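Comments concern the structure below.
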Amino acid sequence: MGVAGSTGPVMDRDEVDRALARLGAEHEAIETSLLALQDHAGRRLLEGAELTGVTKERWESTEASITLLWAYFDAYSDALRSAREIRSRRRWSSREDLVELTELLRGEAVTVAGSATAMANAPTLPGAGRLSEQFSLSTLVDRMNDLYAASLDMVVAADVVWSALPARIDLLAAELQRTRQLAHSVGVRPGEHPAGDDLERITRTLTRLREEVISDPLAYWVPAPGSSAPGGGRPDISTYDREARALDDVRREIEAVLTVRQDAEARLVKLRDVLSRADRTLAEARSARGEVLAKIAATEVPVVSGPPTVLQEQLALAAEYRRHGQWHRLSPLLESLEQKADDELLRARESLTAVTAPLAVRAELRGRLDAYKAKVARHGLAEDSLLVERYDVARRMLWSAPCDLRVAEQAVLRYQHAVAELLGTPVPGRQEPQDRGGEES
């Protein structure tokens, strides 16, 4: 062991040889990494791109770091070469050689000169603004490792974003263009249909997103929490995903409009049929109302309204939309018309039922009267004078016009009471008597 100097004990020949071997391996590894960084596709893209925002700021710093890296490497290479030359002077190095080698391999004997701009912009370099610094070889290796990791992290992050997002955006833009053409074919246009407005907004967003991703990829980079590896993180695809979902929604809406185009004629035919049935039902109700007013006295008959002209107008408008291929307008109109047509048919049927109710009551009284007459005949009482009289009175009232239902019902009830008294059975109210094939009541 030699005498200690400013760098510690003087190294012996074996120590020097081991140090030179280690430094040589480090030199080779650093050179390989620097050449890989130099040839990295992301770095070449960054050099040729018109950058903005955070990417522009970080690339300026990274370029300075890469420039400084090569300056460090050159200084490291020169120091290693000098050390090898000193060691190669003699097979058995003299003490003077070993002292010199110790100072070179362990001391701060490496001077790095660089431009003020590069050294000032390098993010990990302390003492910014100085034109030169003194390093030991081990410190210089640590400094190069730090600069290399920071530079590679920035290059890899930009490259990952560029590799992931623009291709996805282009594919989505192609799908957007196909959807726009399909939308145009069915009349879905901006300002005329919400889906058309959505397509315009998606188009603007994707265009802006692609421009921003190309010029400022790091704005769409999410670093992985706690990760120290270069390029640790992922692209931010939230905006892309949101617009992709919006495009899916628009596409489904347009497909619904296409479905309308395919079955529009059948739906229009069905609508015409439903409205026609409603009109016929109302016409029947109006006719029945006239008959009721003529045949039934002292009763209130509801007024039958005519068919709503607005539905016919909307049906004509729907047919017009179909002729001109305005499917986006036809779709909601058909849905509304179908519901209204069903409601109109139901209203017409309810109107007919309400109007014909007095006739139904008269028919029920007639049926009840005849049923009791048949029962009287089965019991051999058809010639009973009281029953004949009351039957004739009730029948005359029920078969005369106009018929007073309240008076006629009382006449039928009196006939039922007379029959019940003769047969000794209770009056069954408004129910028809049970006819059991001649069985005695």
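By convention in this document, the chains of the structure tokens carry letters A, B, ... by their order, each chain's residues are numbered from 1, and ligands are numbered from 1 in the order they are shown.
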
Stretch 160-170 of chain A environment, 7 Å, only C-alpha atoms, sequence neighbours closer than 4 positions dropped, as a PDB file with N, CA, C and O atoms, in the first residue's frame:
```pdb
ATOM      1  N   VAL A 156     -38.952   8.779 -24.226  1.00  0.00           N
ATOM      2  CA  VAL A 156     -39.844   7.610 -24.248  1.00  0.00           C
ATOM      3  C   VAL A 156     -41.296   8.034 -24.044  1.00  0.00           C
ATOM      4  O   VAL A 156     -42.209   7.541 -24.728  1.00  0.00           O
ATOM      5  N   ALA A 174     -61.589   8.231 -39.201  1.00  0.00           N
ATOM      6  CA  ALA A 174     -62.099   7.513 -40.379  1.00  0.00           C
ATOM      7  C   ALA A 174     -63.519   6.997 -40.119  1.00  0.00           C
ATOM      8  O   ALA A 174     -64.393   7.090 -40.988  1.00  0.00           O
ATOM      9  N   LEU A 206     -61.755  16.139 -32.199  1.00  0.00           N
ATOM     10  CA  LEU A 206     -60.713  15.222 -32.670  1.00  0.00           C
ATOM     11  C   LEU A 206     -59.620  15.974 -33.427  1.00  0.00           C
ATOM     12  O   LEU A 206     -58.433  15.647 -33.302  1.00  0.00           O
ATOM     13  N   ARG A 210     -55.796  15.941 -32.086  1.00  0.00           N
ATOM     14  CA  ARG A 210     -54.656  15.444 -32.873  1.00  0.00           C
ATOM     15  C   ARG A 210     -53.561  16.503 -32.973  1.00  0.00           C
ATOM     16  O   ARG A 210     -52.369  16.199 -32.854  1.00  0.00           O
ATOM     17  N   ILE A 214     -49.770  15.967 -31.398  1.00  0.00           N
ATOM     18  CA  ILE A 214     -48.586  16.044 -32.246  1.00  0.00           C
ATOM     19  C   ILE A 214     -47.615  17.109 -31.739  1.00  0.00           C
ATOM     20  O   ILE A 214     -46.395  16.897 -31.721  1.00  0.00           O
ATOM     21  N   PRO A 217     -47.077  16.292 -26.968  1.00  0.00           N
ATOM     22  CA  PRO A 217     -47.465  14.951 -26.491  1.00  0.00           C
ATOM     23  C   PRO A 217     -47.408  14.807 -24.975  1.00  0.00           C
ATOM     24  O   PRO A 217     -48.200  14.069 -24.390  1.00  0.00           O
ATOM     25  N   TRP A 221     -49.610  12.864 -21.168  1.00  0.00           N
ATOM     26  CA  TRP A 221     -48.841  11.801 -20.522  1.00  0.00           C
ATOM     27  C   TRP A 221     -49.111  11.826 -19.025  1.00  0.00           C
ATOM     28  O   TRP A 221     -49.058  12.877 -18.392  1.00  0.00           O
ATOM     29  N   PRO A 235     -50.297   6.980 -21.647  1.00  0.00           N
ATOM     30  CA  PRO A 235     -50.943   8.104 -22.336  1.00  0.00           C
ATOM     31  C   PRO A 235     -52.305   8.401 -21.720  1.00  0.00           C
ATOM     32  O   PRO A 235     -53.007   7.501 -21.265  1.00  0.00           O
TER      33      PRO A 235
END
```

Which residues, written as a PyMOL selection string, have at least one atom at most 12 Å from stretch 50-53 of chain A, with only C-alpha atoms counted and residues fewer than 6 positions away on the same chain left out? chain A and resi 59-60+158+211-220

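The gap separating atom CA of A:Leu365 from atom CA of A:Asp404 is 11.8 Å, in Å to one decimal.
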
Go through stretch 189-284 of chain A and flag each residue having an atom no more than 9 Å from stretch 131-154 of chain A; for those, report the closest pair of atoms plus their distance in Å to one decimal, using only C-alpha atoms, ordered by chain and rising number, as JSON lines.
```
{"residue": "A:Leu218", "atom": "CA", "partner": "A:Met154", "partner_atom": "CA", "distance": 8.2}
{"residue": "A:Ser228", "atom": "CA", "partner": "A:Ala149", "partner_atom": "CA", "distance": 8.9}
{"residue": "A:Ala229", "atom": "CA", "partner": "A:Asp153", "partner_atom": "CA", "distance": 7.6}
{"residue": "A:Pro230", "atom": "CA", "partner": "A:Asp153", "partner_atom": "CA", "distance": 4.0}
{"residue": "A:Gly231", "atom": "CA", "partner": "A:Asp153", "partner_atom": "CA", "distance": 4.6}
{"residue": "A:Gly232", "atom": "CA", "partner": "A:Asp153", "partner_atom": "CA", "distance": 7.6}
```

Using 10 Å as the limit and counting only C-alpha atoms, can you tabulate each residue of stretch 374-401 of chain A that touches stretch 292-311 of chain A, with its shortest atom-to-atom distance in Å and the two atoms involved, as a Markdown table?
```
| residue | atom | partner | partner_atom | distance |
| --- | --- | --- | --- | --- |
| A:Leu398 | CA | A:Ile296 | CA | 9.5 |
| A:Trp399 | CA | A:Lys295 | CA | 9.2 |
| A:Ser400 | CA | A:Lys295 | CA | 7.7 |
| A:Ala401 | CA | A:Lys295 | CA | 4.7 |
```

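Distances here use only C-alpha atoms; by that measure, the residue among A:Val155, A:Ile30, A:Ile86, A:Leu405 closest to A:Glu47 is A:Val155.
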
If you count only C-alpha atoms, the residue of A:Ala408, A:Leu317, A:Leu101, A:Leu247 closest to A:Leu330 turns out to be A:Leu317

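Atom CA of A:Val188 to atom CA of A:Ile254 spans 7.8 Å [interatomic distance, one decimal].
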
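For stretch 286-414 of chain A, the set of residues given strand (DSSP E) by DSSP on the backbone reads A:Ile296, A:Ala297, A:Cys403, A:Asp404.
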
Keeping only N, CA and C atoms, write those residues as a CSV table (one decimal), in the first residue's frame.
```csv
chain,number,residue,atom,x,y,z
A,296,ILE,N,-134.9,6.5,-28.4
A,296,ILE,CA,-134.9,6.5,-27.0
A,296,ILE,C,-135.3,7.9,-26.5
A,297,ALA,N,-136.3,8.0,-25.6
A,297,ALA,CA,-136.8,9.2,-25.1
A,297,ALA,C,-136.2,9.5,-23.7
A,403,CYS,N,-138.6,5.4,-27.1
A,403,CYS,CA,-138.8,4.5,-26.0
A,403,CYS,C,-138.3,5.2,-24.7
A,404,ASP,N,-139.2,5.3,-23.7
A,404,ASP,CA,-138.8,5.9,-22.4
A,404,ASP,C,-138.2,4.7,-21.6
```

Taking the chain letters and numbering used in this document, name the residues of stretch 227-431 of chain A that DSSP puts in helix (DSSP H, G or I), as a PyMOL selection string. chain A and resi 238-295+309-323+327-355+357-378+385-398+405-423

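The two atoms in question, atom CA of A:Pro225 and atom CA of A:Ser33, are spaced 25.3 Å apart.
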
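Proximity to A:Pro358 was assessed for A:Ala224, A:Glu409, A:Val10, A:Leu105 counting only C-alpha atoms; the smallest distance is recorded for A:Glu409.
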